[in-house]
Amino acid sequence: MFDDLVVFDLSTVLAGPSVATFFAELGAKVTKIEHPKHRDVTRTWRIPGETQEITSYFASINYQKDYLLKDLSKAEDYTWLMNELKRVDVLIMNFKPSDYKKFNLSKESLLNINPRLIIGTISGFGDDTDRIAYDLILQAETGFMAMNAEPNQMPLKMPVALIDVLAAHQLKEGLLLALLNLKKNGKGSWVSVSLYDAAVASLVNQASAYLMNNLIPKRMGSLHPNIAPYGEIFTTKDGKLLTFAIGSNRQFIALCEVLKCDELAKNSRYLTNEGRVLHRSTLSNELSHFVALLEAEALEALCHNLLIPIGIIKSLDEVFCTEKARELIREELQGTTNTKRVSQLAFKWK
């Protein structure tokens, strides 16, 4: 789709590089430019026991890129970049806002060099502050950690850098719209996204529940504040853990049919979703006895047949044993300095 698109990626860590990878996956020619003495820090983020040259973290968001080392504080490297930008279509950066002035990378100067250039930038807390931001800090500052824990437990961050991922998706959308705008009027654009704005905008129903009803979400673990049973964890006869996402009366009646507990579907406390939410603890205890009588795969098959949302809780080794997950691995690169496998995950856009 983007075979003729040229992208320069001056960003580091996760959000910006993942946007550049999105374009690389779709055929764009992407060049990642790093400082010779301060390369992308994720090159050093090794998990215990990881010794290969390319870390798994770096590999996850730097697929199909060429790499160049340039120091923009040096006149010759800056001049090189300015000359190259005359042929570049998309430029992605995540410097501190003050650095754009420091490196003479203002919107005006860049568009003066190439009026058709599309510039995408990501900041932590907006274009008016140099405050340093990592995903953890944004999860703390925007309510995600406060909501994400079991009742009466300390706040928890999510185990992936979700705020970075959300901001990356927003920047992708902005850049795609800028490309469409370029096609219409021939003019370049500067698209700016902040991690903070992306996080707050992604609070969706939790935000509206507060803004409309002054409801501050309590820590509920995996439970849903509006739906039940939804997120409760059950143990099957063969010791597997699973969960249901019962979003309608039809699904609840069907679940009771599968579990052979039709009397629960007729119980006045559980006739409506509101009632099931109000009595969710009692309902969960009752359902757990019936779930424990069935093995996980048999129960899963029965639920699938009746369109009941069910999920067996899997570890990553179990996830990547499935054909469906394996299809999303674009390629596996063999061998680095110690011959360990380096896998690069790249989702296929269908």
# chains A, B, ... in the order shown; residues from 1 in each chain; ligands from 1
>>> residues_around(residues="range 250-252 of chain A", least_positions_apart="2", cutoff="12 Å", atoms="only C-alpha atoms", output="PyMOL selection string")
chain A and resi 227-230+244-248+254-259+261-267+270-273+276+283+287+303-310
>>> select_by_dssp(residues="range 37-164 of chain A", states="helix (DSSP H, G or I)", output="ChimeraX atom specification")
/A:41-44,56-60,75-84,97-102,107-113,135-141,144-147,162-164
>>> atom_distance(atom1="CA of Leu182 in chain A", atom2="CA of Ala28 in chain A")
16.8 Å
>>> residues_around(residues="Ile119 in chain A", least_positions_apart="3", cutoff="7 Å", atoms="only C-alpha atoms", output="PyMOL selection string")
chain A and resi 90-92+189-191
>>> write_last_selection(atoms="C-alpha atoms", output="PDB file, in the first residue's frame")
ATOM      1  CA  VAL A  90       6.677  11.434   6.722  1.00  0.00           C
ATOM      2  CA  LEU A  91       8.924  12.479   9.616  1.00  0.00           C
ATOM      3  CA  ILE A  92       8.266  11.031  13.109  1.00  0.00           C
ATOM      4  CA  SER A 189       0.996  19.035   8.030  1.00  0.00           C
ATOM      5  CA  TRP A 190       2.296  18.869  11.592  1.00  0.00           C
ATOM      6  CA  VAL A 191       0.390  16.286  13.651  1.00  0.00           C
TER       7      VAL A 191
END
>>> residues_around(residues="Glu232 in chain A", least_positions_apart="5", cutoff="10 Å", atoms="only C-alpha atoms", output="PyMOL selection string")
chain A and resi 221-224+242-245+280-281+284-285+288
>>> write_last_selection(atoms="N, CA and C atoms", output="PDB file, in the first residue's frame")
ATOM      1  N   GLY A 221     -10.546  -5.336  40.345  1.00  0.00           N
ATOM      2  CA  GLY A 221      -9.849  -6.417  39.660  1.00  0.00           C
ATOM      3  C   GLY A 221     -10.308  -6.510  38.224  1.00  0.00           C
ATOM      4  N   SER A 222     -10.712  -7.708  37.796  1.00  0.00           N
ATOM      5  CA  SER A 222     -11.156  -7.915  36.416  1.00  0.00           C
ATOM      6  C   SER A 222     -12.647  -7.668  36.232  1.00  0.00           C
ATOM      7  N   LEU A 223     -13.353  -7.347  37.300  1.00  0.00           N
ATOM      8  CA  LEU A 223     -14.796  -7.189  37.205  1.00  0.00           C
ATOM      9  C   LEU A 223     -15.166  -5.921  36.438  1.00  0.00           C
ATOM     10  N   HIS A 224     -16.338  -5.965  35.806  1.00  0.00           N
ATOM     11  CA  HIS A 224     -16.850  -4.813  35.064  1.00  0.00           C
ATOM     12  C   HIS A 224     -17.855  -4.081  35.947  1.00  0.00           C
ATOM     13  N   LEU A 242     -10.914 -19.748  33.738  1.00  0.00           N
ATOM     14  CA  LEU A 242     -11.593 -19.104  32.612  1.00  0.00           C
ATOM     15  C   LEU A 242     -12.508 -17.999  33.115  1.00  0.00           C
ATOM     16  N   THR A 243     -13.007 -17.230  32.162  1.00  0.00           N
ATOM     17  CA  THR A 243     -13.889 -16.124  32.518  1.00  0.00           C
ATOM     18  C   THR A 243     -14.961 -15.957  31.443  1.00  0.00           C
ATOM     19  N   PHE A 244     -16.051 -15.323  31.823  1.00  0.00           N
ATOM     20  CA  PHE A 244     -17.155 -15.055  30.903  1.00  0.00           C
ATOM     21  C   PHE A 244     -17.364 -13.549  30.786  1.00  0.00           C
ATOM     22  N   ALA A 245     -17.889 -13.123  29.631  1.00  0.00           N
ATOM     23  CA  ALA A 245     -18.284 -11.724  29.427  1.00  0.00           C
ATOM     24  C   ALA A 245     -19.755 -11.726  29.012  1.00  0.00           C
ATOM     25  N   ARG A 280     -23.744  -9.839  42.289  1.00  0.00           N
ATOM     26  CA  ARG A 280     -22.721 -10.537  41.514  1.00  0.00           C
ATOM     27  C   ARG A 280     -21.904 -11.514  42.349  1.00  0.00           C
ATOM     28  N   SER A 281     -21.639 -11.211  43.600  1.00  0.00           N
ATOM     29  CA  SER A 281     -20.831 -12.111  44.429  1.00  0.00           C
ATOM     30  C   SER A 281     -21.554 -13.433  44.664  1.00  0.00           C
ATOM     31  N   SER A 284     -21.729 -15.366  41.379  1.00  0.00           N
ATOM     32  CA  SER A 284     -20.437 -15.961  41.042  1.00  0.00           C
ATOM     33  C   SER A 284     -20.204 -17.253  41.835  1.00  0.00           C
ATOM     34  N   ASN A 285     -20.524 -17.209  43.121  1.00  0.00           N
ATOM     35  CA  ASN A 285     -20.356 -18.413  43.944  1.00  0.00           C
ATOM     36  C   ASN A 285     -21.232 -19.555  43.446  1.00  0.00           C
ATOM     37  N   SER A 288     -19.871 -20.972  40.130  1.00  0.00           N
ATOM     38  CA  SER A 288     -18.591 -21.674  40.259  1.00  0.00           C
ATOM     39  C   SER A 288     -18.783 -23.170  40.505  1.00  0.00           C
TER      40      SER A 288
END
>>> residues_around(residues="range 94-99 of chain A", least_positions_apart="2", cutoff="8 Å", atoms="only C-alpha atoms", output="compact mmCIF listing (two decimals) with N, CA and C atoms, in the first residue's frame")
# COMPACT_ATOMS: atom_id res chain seq x y z
N LEU A 10 12.82 9.50 13.78
CA LEU A 10 13.78 10.04 14.73
C LEU A 10 13.35 9.79 16.17
N SER A 11 12.33 8.98 16.36
CA SER A 11 11.77 8.76 17.69
C SER A 11 12.44 7.56 18.37
N THR A 12 12.18 7.46 19.68
CA THR A 12 12.76 6.37 20.46
C THR A 12 11.69 5.76 21.38
N GLY A 16 6.45 6.29 19.22
CA GLY A 16 6.87 6.76 17.91
C GLY A 16 7.39 5.64 17.01
N ILE A 92 8.82 11.34 11.79
CA ILE A 92 8.27 11.03 13.11
C ILE A 92 9.31 11.35 14.17
N LYS A 101 13.17 23.55 18.91
CA LYS A 101 13.82 24.85 18.70
C LYS A 101 15.33 24.70 18.77
N LYS A 102 15.81 23.90 19.71
CA LYS A 102 17.24 23.68 19.89
C LYS A 102 17.89 23.13 18.62
N PHE A 103 17.22 22.16 17.99
CA PHE A 103 17.76 21.52 16.78
C PHE A 103 17.25 22.17 15.49
N LEU A 105 14.17 22.43 14.37
CA LEU A 105 13.22 21.50 13.74
C LEU A 105 11.79 22.02 13.89
N THR A 121 4.56 14.17 15.71
CA THR A 121 5.32 14.25 16.96
C THR A 121 4.49 13.73 18.12
N ILE A 122 5.20 13.16 19.09
CA ILE A 122 4.58 12.67 20.33
C ILE A 122 5.30 13.31 21.50
N SER A 123 4.52 13.88 22.42
CA SER A 123 5.07 14.43 23.66
C SER A 123 4.45 13.71 24.84
N ASP A 127 2.73 20.03 24.15
CA ASP A 127 3.82 20.74 23.48
C ASP A 127 4.34 21.94 24.26
N ASP A 128 3.76 22.20 25.43
CA ASP A 128 4.18 23.37 26.20
C ASP A 128 4.99 23.01 27.43
N THR A 129 5.42 21.74 27.56
CA THR A 129 6.21 21.34 28.73
C THR A 129 7.21 20.26 28.35
N ASP A 130 8.38 20.33 28.99
CA ASP A 130 9.43 19.32 28.78
C ASP A 130 9.34 18.19 29.80
N ARG A 131 8.27 18.13 30.55
CA ARG A 131 8.16 17.10 31.58
C ARG A 131 8.39 15.71 30.99
N ILE A 132 9.29 14.95 31.62
CA ILE A 132 9.62 13.61 31.13
C ILE A 132 8.47 12.65 31.44
>>> select_by_dssp(residues="range 73-264 of chain A", states="strand (DSSP E)", output="CSV table (one decimal) with C-alpha atoms, in the first residue's frame")
chain,number,residue,atom,x,y,z
A,90,VAL,CA,6.7,11.4,6.7
A,91,LEU,CA,8.9,12.5,9.6
A,92,ILE,CA,8.3,11.0,13.1
A,93,MET,CA,9.8,12.5,16.3
A,118,ILE,CA,4.0,15.4,7.0
A,119,ILE,CA,5.5,15.7,10.5
A,120,GLY,CA,4.2,13.5,13.4
A,121,THR,CA,5.3,14.3,17.0
A,122,ILE,CA,4.6,12.7,20.3
A,123,SER,CA,5.1,14.4,23.7
A,189,SER,CA,1.0,19.0,8.0
A,190,TRP,CA,2.3,18.9,11.6
A,191,VAL,CA,0.4,16.3,13.7
A,192,SER,CA,1.0,16.4,17.4
A,193,VAL,CA,-0.2,13.9,20.0
A,194,SER,CA,0.5,13.7,23.7
A,230,TYR,CA,-18.1,-10.3,33.5
A,231,GLY,CA,-14.5,-10.9,34.7
A,232,GLU,CA,-15.1,-13.3,37.5
A,233,ILE,CA,-12.6,-16.1,37.4
A,234,PHE,CA,-13.8,-19.7,37.5
A,235,THR,CA,-11.9,-23.0,37.9
A,241,LEU,CA,-9.0,-20.9,34.8
A,242,LEU,CA,-11.6,-19.1,32.6
A,243,THR,CA,-13.9,-16.1,32.5
A,244,PHE,CA,-17.2,-15.1,30.9
A,245,ALA,CA,-18.3,-11.7,29.4
>>> atom_distance(atom1="CA of Asn104 in chain A", atom2="CA of Leu81 in chain A")
11.4 Å
>>> residues_around(residues="range 199-209 of chain A", least_positions_apart="6", cutoff="10 Å", atoms="only C-alpha atoms", output="VMD selection string")
chain A and resid 135 138 to 139 141 to 144 147 162 to 167 215 to 217 225 to 226
>>> residues_around(residues="Gly27 in chain A", least_positions_apart="5", cutoff="12 Å", atoms="only C-alpha atoms", output="list of chain:residue names")
A:Met1, A:Phe2, A:Asp3, A:Asp4, A:Leu5, A:Val6, A:Val7, A:Ala20, A:Thr21, A:Phe22, A:Tyr63, A:Gln64, A:Lys65, A:Lys348, A:Trp349
>>> atom_distance(atom1="CA of Leu117 in chain A", atom2="CA of Asp197 in chain A")
24.3 Å
>>> closest_residue(among="A:Arg269, A:Arg43, A:His35, A:Lys184", to="Thr55 in chain A", atoms="only C-alpha atoms")
A:Arg43
>>> decode(residues="range 124-275 of chain A", atoms="C-alpha atoms", output="tab-separated table (two decimals), in the first residue's frame")
chain	number	residue	atom	x	y	z
A	124	GLY	CA	4.45	13.34	27.21
A	125	PHE	CA	2.21	16.08	28.60
A	126	GLY	CA	1.76	18.41	25.64
A	127	ASP	CA	3.82	20.74	23.48
A	128	ASP	CA	4.18	23.37	26.20
A	129	THR	CA	6.21	21.34	28.73
A	130	ASP	CA	9.43	19.32	28.78
A	131	ARG	CA	8.16	17.10	31.58
A	132	ILE	CA	9.62	13.61	31.13
A	133	ALA	CA	7.00	10.92	30.64
A	134	TYR	CA	7.09	7.15	30.61
A	135	ASP	CA	4.03	4.95	30.23
A	136	LEU	CA	4.03	4.11	33.96
A	137	ILE	CA	3.86	7.80	34.87
A	138	LEU	CA	0.91	8.33	32.53
A	139	GLN	CA	-0.92	5.31	33.92
A	140	ALA	CA	-0.45	6.84	37.37
A	141	GLU	CA	-1.45	10.38	36.37
A	142	THR	CA	-4.58	9.57	34.35
A	143	GLY	CA	-6.51	7.22	36.61
A	144	PHE	CA	-5.60	3.87	35.09
A	145	MET	CA	-3.50	2.63	38.02
A	146	ALA	CA	-6.02	3.82	40.59
A	147	MET	CA	-8.70	1.64	38.97
A	148	ASN	CA	-6.49	-1.32	38.13
A	149	ALA	CA	-6.21	-3.57	41.19
A	150	GLU	CA	-8.08	-6.08	43.28
A	151	PRO	CA	-10.35	-4.57	45.97
A	152	ASN	CA	-8.39	-3.15	48.91
A	153	GLN	CA	-5.06	-3.71	47.16
A	154	MET	CA	-2.43	-1.23	46.02
A	155	PRO	CA	-2.80	0.30	42.53
A	156	LEU	CA	-1.28	-1.66	39.64
A	157	LYS	CA	0.04	-0.69	36.25
A	158	MET	CA	-0.99	-2.76	33.25
A	159	PRO	CA	1.69	-5.23	32.07
A	160	VAL	CA	2.08	-3.57	28.66
A	161	ALA	CA	2.79	0.08	27.88
A	162	LEU	CA	-0.83	0.66	26.96
A	163	ILE	CA	-0.71	4.47	27.01
A	164	ASP	CA	2.14	4.40	24.50
A	165	VAL	CA	0.11	2.05	22.32
A	166	LEU	CA	-2.98	4.27	22.53
A	167	ALA	CA	-0.99	7.40	21.64
A	168	ALA	CA	0.63	5.56	18.74
A	169	HIS	CA	-2.78	4.64	17.35
A	170	GLN	CA	-3.90	8.26	17.61
A	171	LEU	CA	-0.77	9.46	15.80
A	172	LYS	CA	-1.32	6.85	13.07
A	173	GLU	CA	-4.84	8.16	12.55
A	174	GLY	CA	-3.59	11.73	12.41
A	175	LEU	CA	-0.86	10.90	9.91
A	176	LEU	CA	-3.26	8.97	7.69
A	177	LEU	CA	-5.62	11.94	7.70
A	178	ALA	CA	-2.67	14.20	6.89
A	179	LEU	CA	-1.79	11.98	3.92
A	180	LEU	CA	-5.38	12.23	2.74
A	181	ASN	CA	-5.27	16.00	3.17
A	182	LEU	CA	-2.00	16.11	1.21
A	183	LYS	CA	-3.67	14.28	-1.65
A	184	LYS	CA	-6.51	16.81	-1.67
A	185	ASN	CA	-4.63	20.09	-1.37
A	186	GLY	CA	-0.94	19.27	-1.80
A	187	LYS	CA	0.06	20.70	1.59
A	188	GLY	CA	2.06	19.11	4.37
A	189	SER	CA	1.00	19.03	8.03
A	190	TRP	CA	2.30	18.87	11.59
A	191	VAL	CA	0.39	16.29	13.65
A	192	SER	CA	0.98	16.43	17.40
A	193	VAL	CA	-0.16	13.85	19.98
A	194	SER	CA	0.51	13.70	23.71
A	195	LEU	CA	0.52	10.62	25.90
A	196	TYR	CA	-1.58	12.48	28.46
A	197	ASP	CA	-4.32	13.43	26.00
A	198	ALA	CA	-4.36	9.91	24.55
A	199	ALA	CA	-4.74	8.39	28.01
A	200	VAL	CA	-7.53	10.68	29.20
A	201	ALA	CA	-9.38	10.31	25.89
A	202	SER	CA	-9.23	6.52	26.33
A	203	LEU	CA	-11.00	6.47	29.70
A	204	VAL	CA	-14.30	6.23	27.75
A	205	ASN	CA	-17.11	4.80	29.93
A	206	GLN	CA	-15.15	5.24	33.17
A	207	ALA	CA	-14.76	8.94	32.41
A	208	SER	CA	-18.41	9.40	31.43
A	209	ALA	CA	-19.56	7.57	34.57
A	210	TYR	CA	-17.66	10.14	36.62
A	211	LEU	CA	-18.60	13.17	34.52
A	212	MET	CA	-22.29	12.24	34.33
A	213	ASN	CA	-22.80	10.61	37.75
A	214	ASN	CA	-19.83	11.74	39.86
A	215	LEU	CA	-18.90	8.04	40.27
A	216	ILE	CA	-15.25	7.45	41.11
A	217	PRO	CA	-14.42	3.86	40.02
A	218	LYS	CA	-13.43	1.46	42.76
A	219	ARG	CA	-10.75	-1.16	42.35
A	220	MET	CA	-12.57	-4.24	41.14
A	221	GLY	CA	-9.85	-6.42	39.66
A	222	SER	CA	-11.16	-7.92	36.42
A	223	LEU	CA	-14.80	-7.19	37.21
A	224	HIS	CA	-16.85	-4.81	35.06
A	225	PRO	CA	-18.71	-2.03	36.91
A	226	ASN	CA	-21.76	-2.27	34.62
A	227	ILE	CA	-22.04	-5.96	33.69
A	228	ALA	CA	-22.20	-9.33	35.47
A	229	PRO	CA	-21.03	-11.99	35.26
A	230	TYR	CA	-18.10	-10.30	33.55
A	231	GLY	CA	-14.51	-10.86	34.66
A	232	GLU	CA	-15.14	-13.27	37.49
A	233	ILE	CA	-12.57	-16.09	37.41
A	234	PHE	CA	-13.79	-19.68	37.50
A	235	THR	CA	-11.94	-22.99	37.86
A	236	THR	CA	-12.95	-25.97	35.73
A	237	LYS	CA	-12.88	-29.68	36.55
A	238	ASP	CA	-9.43	-30.03	34.98
A	239	GLY	CA	-8.03	-27.05	36.91
A	240	LYS	CA	-8.14	-24.48	34.11
A	241	LEU	CA	-9.05	-20.86	34.80
A	242	LEU	CA	-11.59	-19.10	32.61
A	243	THR	CA	-13.89	-16.12	32.52
A	244	PHE	CA	-17.15	-15.05	30.90
A	245	ALA	CA	-18.28	-11.72	29.43
A	246	ILE	CA	-22.07	-11.99	29.72
A	247	GLY	CA	-23.42	-8.79	28.21
A	248	SER	CA	-27.08	-9.63	27.68
A	249	ASN	CA	-30.00	-11.59	29.14
A	250	ARG	CA	-29.86	-13.98	26.18
A	251	GLN	CA	-26.25	-14.82	26.91
A	252	PHE	CA	-26.98	-15.37	30.59
A	253	ILE	CA	-29.90	-17.70	29.86
A	254	ALA	CA	-27.72	-19.62	27.38
A	255	LEU	CA	-24.90	-19.89	29.92
A	256	CYS	CA	-27.26	-21.34	32.49
A	257	GLU	CA	-28.45	-23.81	29.87
A	258	VAL	CA	-24.88	-24.93	29.14
A	259	LEU	CA	-24.08	-25.26	32.84
A	260	LYS	CA	-27.38	-27.07	33.49
A	261	CYS	CA	-28.44	-24.54	36.11
A	262	ASP	CA	-31.62	-23.17	34.50
A	263	GLU	CA	-33.02	-22.33	37.92
A	264	LEU	CA	-30.48	-19.49	38.19
A	265	ALA	CA	-31.83	-17.93	35.01
A	266	LYS	CA	-35.28	-17.89	36.60
A	267	ASN	CA	-34.10	-16.50	39.93
A	268	SER	CA	-35.68	-13.07	40.46
A	269	ARG	CA	-32.33	-11.63	41.58
A	270	TYR	CA	-30.70	-12.51	38.24
A	271	LEU	CA	-33.46	-11.73	35.74
A	272	THR	CA	-31.85	-8.45	34.67
A	273	ASN	CA	-28.30	-7.24	34.26
A	274	GLU	CA	-28.88	-4.68	37.04
A	275	GLY	CA	-29.86	-7.49	39.38
